[in-house]
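Here is the structure we will look at, set down as structure tokens.
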Amino acid sequence: MNTPPTQADEALRQIQASPSYAQQVLLTTAAVLRIQAERVLHPRVLDIALGFGADAIVGELPTAVQLDAMDRARAALPDVGNTVTHGEYALLLDAIAKTV
């Protein structure tokens, strides 16, 4: 027997289908980096772009939620090489965001 989903089931399905805050921070950071895609990425620039992403996505949320999202996003960041461009790193963030 197949029972129809309840409102709670549907709400849970929607939550699970939505990107996490960490994913959203990474995707927003990638979008910021694409503004000057051809420039070589430096760690300080990445920190600034990540800050913009965090402000845009979790800036108004409770501190515990902000910290959790940022911890997860930072843990997923690949190392910055000396020759990777903003655009190349943005592509890496897009791919990594799918796994966070």
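So you can find residues: chains in the structure tokens are A, B, ... in the order shown, residues in each start at 1, and ligands are numbered from 1 in order.
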To test your reading of the structure, identify every residue in chain A that backbone DSSP assigns to helix (DSSP H, G or I), and report it as JSON, numbers by chain.
{"A": [7, 8, 9, 10, 11, 12, 13, 14, 15, 16, 17, 21, 22, 23, 24, 25, 26, 27, 28, 29, 30, 31, 32, 33, 34, 35, 36, 43, 44, 45, 46, 47, 48, 49, 50, 51, 52, 53, 54, 55, 56, 57, 58, 63, 64, 65, 66, 67, 68, 69, 70, 71, 72, 73, 74, 75, 76, 86, 87, 88, 89, 90, 91, 92, 93, 94, 95, 96, 97]}
Residues within 10 Å of Ala37 in chain A, only C-alpha atoms, excluding chain neighbours under 4 positions, as a list in words
Ala30, Ala31, Val32, Leu33, Leu41, Thr85, His86, Gly87, Glu88, Tyr89 and Ala90 of chain A
Find the residues near Thr29 in chain A: any atom within 8 Å, counting only C-alpha atoms, skip ones fewer than 4 places away on the same chain, and give them as a PDB file with all heavy atoms, in the first residue's frame.
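part.pdb written:
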```
ATOM      1  N   VAL A  25      27.676  29.206   0.079  1.00  0.00           N
ATOM      2  CA  VAL A  25      28.840  30.075   0.300  1.00  0.00           C
ATOM      3  C   VAL A  25      29.906  29.796  -0.763  1.00  0.00           C
ATOM      4  O   VAL A  25      30.462  30.729  -1.350  1.00  0.00           O
ATOM      5  CB  VAL A  25      29.416  29.888   1.724  1.00  0.00           C
ATOM      6  CG1 VAL A  25      30.785  30.545   1.851  1.00  0.00           C
ATOM      7  CG2 VAL A  25      28.459  30.436   2.771  1.00  0.00           C
ATOM      8  N   LEU A  33      34.769  35.348  -7.579  1.00  0.00           N
ATOM      9  CA  LEU A  33      36.070  35.161  -8.235  1.00  0.00           C
ATOM     10  C   LEU A  33      35.985  35.307  -9.749  1.00  0.00           C
ATOM     11  O   LEU A  33      36.950  35.739 -10.388  1.00  0.00           O
ATOM     12  CB  LEU A  33      36.653  33.787  -7.874  1.00  0.00           C
ATOM     13  CG  LEU A  33      37.093  33.625  -6.422  1.00  0.00           C
ATOM     14  CD1 LEU A  33      37.513  32.195  -6.149  1.00  0.00           C
ATOM     15  CD2 LEU A  33      38.209  34.604  -6.071  1.00  0.00           C
ATOM     16  N   ALA A  49      37.059  37.023  -1.038  1.00  0.00           N
ATOM     17  CA  ALA A  49      35.927  36.485  -1.804  1.00  0.00           C
ATOM     18  C   ALA A  49      35.057  35.591  -0.918  1.00  0.00           C
ATOM     19  O   ALA A  49      33.826  35.647  -0.982  1.00  0.00           O
ATOM     20  CB  ALA A  49      36.424  35.703  -3.017  1.00  0.00           C
ATOM     21  N   LEU A  50      35.688  34.790  -0.075  1.00  0.00           N
ATOM     22  CA  LEU A  50      34.950  33.930   0.844  1.00  0.00           C
ATOM     23  C   LEU A  50      34.160  34.775   1.842  1.00  0.00           C
ATOM     24  O   LEU A  50      33.024  34.440   2.187  1.00  0.00           O
ATOM     25  CB  LEU A  50      35.919  32.991   1.563  1.00  0.00           C
ATOM     26  CG  LEU A  50      35.320  31.838   2.333  1.00  0.00           C
ATOM     27  CD1 LEU A  50      34.516  30.917   1.414  1.00  0.00           C
ATOM     28  CD2 LEU A  50      36.410  31.049   3.036  1.00  0.00           C
ATOM     29  N   PHE A  52      32.896  37.754   1.238  1.00  0.00           N
ATOM     30  CA  PHE A  52      31.729  38.239   0.506  1.00  0.00           C
ATOM     31  C   PHE A  52      30.662  37.153   0.409  1.00  0.00           C
ATOM     32  O   PHE A  52      29.477  37.409   0.600  1.00  0.00           O
ATOM     33  CB  PHE A  52      32.101  38.712  -0.905  1.00  0.00           C
ATOM     34  CG  PHE A  52      32.719  40.075  -0.964  1.00  0.00           C
ATOM     35  CD1 PHE A  52      33.994  40.237  -1.484  1.00  0.00           C
ATOM     36  CD2 PHE A  52      32.039  41.195  -0.519  1.00  0.00           C
ATOM     37  CE1 PHE A  52      34.576  41.491  -1.544  1.00  0.00           C
ATOM     38  CE2 PHE A  52      32.615  42.455  -0.571  1.00  0.00           C
ATOM     39  CZ  PHE A  52      33.889  42.606  -1.083  1.00  0.00           C
ATOM     40  N   GLY A  53      31.097  35.934   0.099  1.00  0.00           N
ATOM     41  CA  GLY A  53      30.161  34.816   0.016  1.00  0.00           C
ATOM     42  C   GLY A  53      29.460  34.574   1.339  1.00  0.00           C
ATOM     43  O   GLY A  53      28.248  34.361   1.390  1.00  0.00           O
ATOM     44  N   ALA A  90      37.365  29.073  -9.394  1.00  0.00           N
ATOM     45  CA  ALA A  90      35.897  29.106  -9.354  1.00  0.00           C
ATOM     46  C   ALA A  90      35.322  27.786  -9.872  1.00  0.00           C
ATOM     47  O   ALA A  90      34.351  27.267  -9.306  1.00  0.00           O
ATOM     48  CB  ALA A  90      35.370  30.284 -10.171  1.00  0.00           C
ATOM     49  N   LEU A  93      35.637  25.281  -7.165  1.00  0.00           N
ATOM     50  CA  LEU A  93      34.616  25.499  -6.128  1.00  0.00           C
ATOM     51  C   LEU A  93      33.244  24.989  -6.571  1.00  0.00           C
ATOM     52  O   LEU A  93      32.517  24.422  -5.762  1.00  0.00           O
ATOM     53  CB  LEU A  93      34.541  26.987  -5.757  1.00  0.00           C
ATOM     54  CG  LEU A  93      35.737  27.567  -5.029  1.00  0.00           C
ATOM     55  CD1 LEU A  93      35.499  29.035  -4.695  1.00  0.00           C
ATOM     56  CD2 LEU A  93      36.069  26.777  -3.782  1.00  0.00           C
TER      57      LEU A  93
END
```
Which neighbours of Val100 in chain A fall inside 8 Å, counting only C-alpha atoms, when residues of the same chain fewer than 5 positions from it are skipped, and could you give them as a PDB file with N, CA and C atoms, in the first residue's frame?
```
ATOM      1  N   SER A  20      23.049  23.232   0.813  1.00  0.00           N
ATOM      2  CA  SER A  20      23.408  23.615   2.178  1.00  0.00           C
ATOM      3  C   SER A  20      23.968  25.040   2.172  1.00  0.00           C
ATOM      4  N   ALA A  22      26.821  25.876   3.337  1.00  0.00           N
ATOM      5  CA  ALA A  22      28.217  25.770   2.905  1.00  0.00           C
ATOM      6  C   ALA A  22      28.302  25.728   1.379  1.00  0.00           C
ATOM      7  N   GLN A  23      27.404  24.957   0.750  1.00  0.00           N
ATOM      8  CA  GLN A  23      27.383  24.919  -0.722  1.00  0.00           C
ATOM      9  C   GLN A  23      27.123  26.306  -1.283  1.00  0.00           C
ATOM     10  N   ARG A  72      32.546  24.276   7.388  1.00  0.00           N
ATOM     11  CA  ARG A  72      32.372  23.275   6.332  1.00  0.00           C
ATOM     12  C   ARG A  72      32.898  23.782   4.993  1.00  0.00           C
ATOM     13  N   ALA A  73      32.633  25.046   4.684  1.00  0.00           N
ATOM     14  CA  ALA A  73      33.112  25.622   3.418  1.00  0.00           C
ATOM     15  C   ALA A  73      34.641  25.680   3.405  1.00  0.00           C
ATOM     16  N   ALA A  76      36.456  22.438   2.842  1.00  0.00           N
ATOM     17  CA  ALA A  76      36.346  21.907   1.478  1.00  0.00           C
ATOM     18  C   ALA A  76      37.246  22.629   0.483  1.00  0.00           C
TER      19      ALA A  76
END
```
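One distance worth recording is that between CA of Leu27 in chain A and CA of Lys98 in chain A, which is 9.4 Å.
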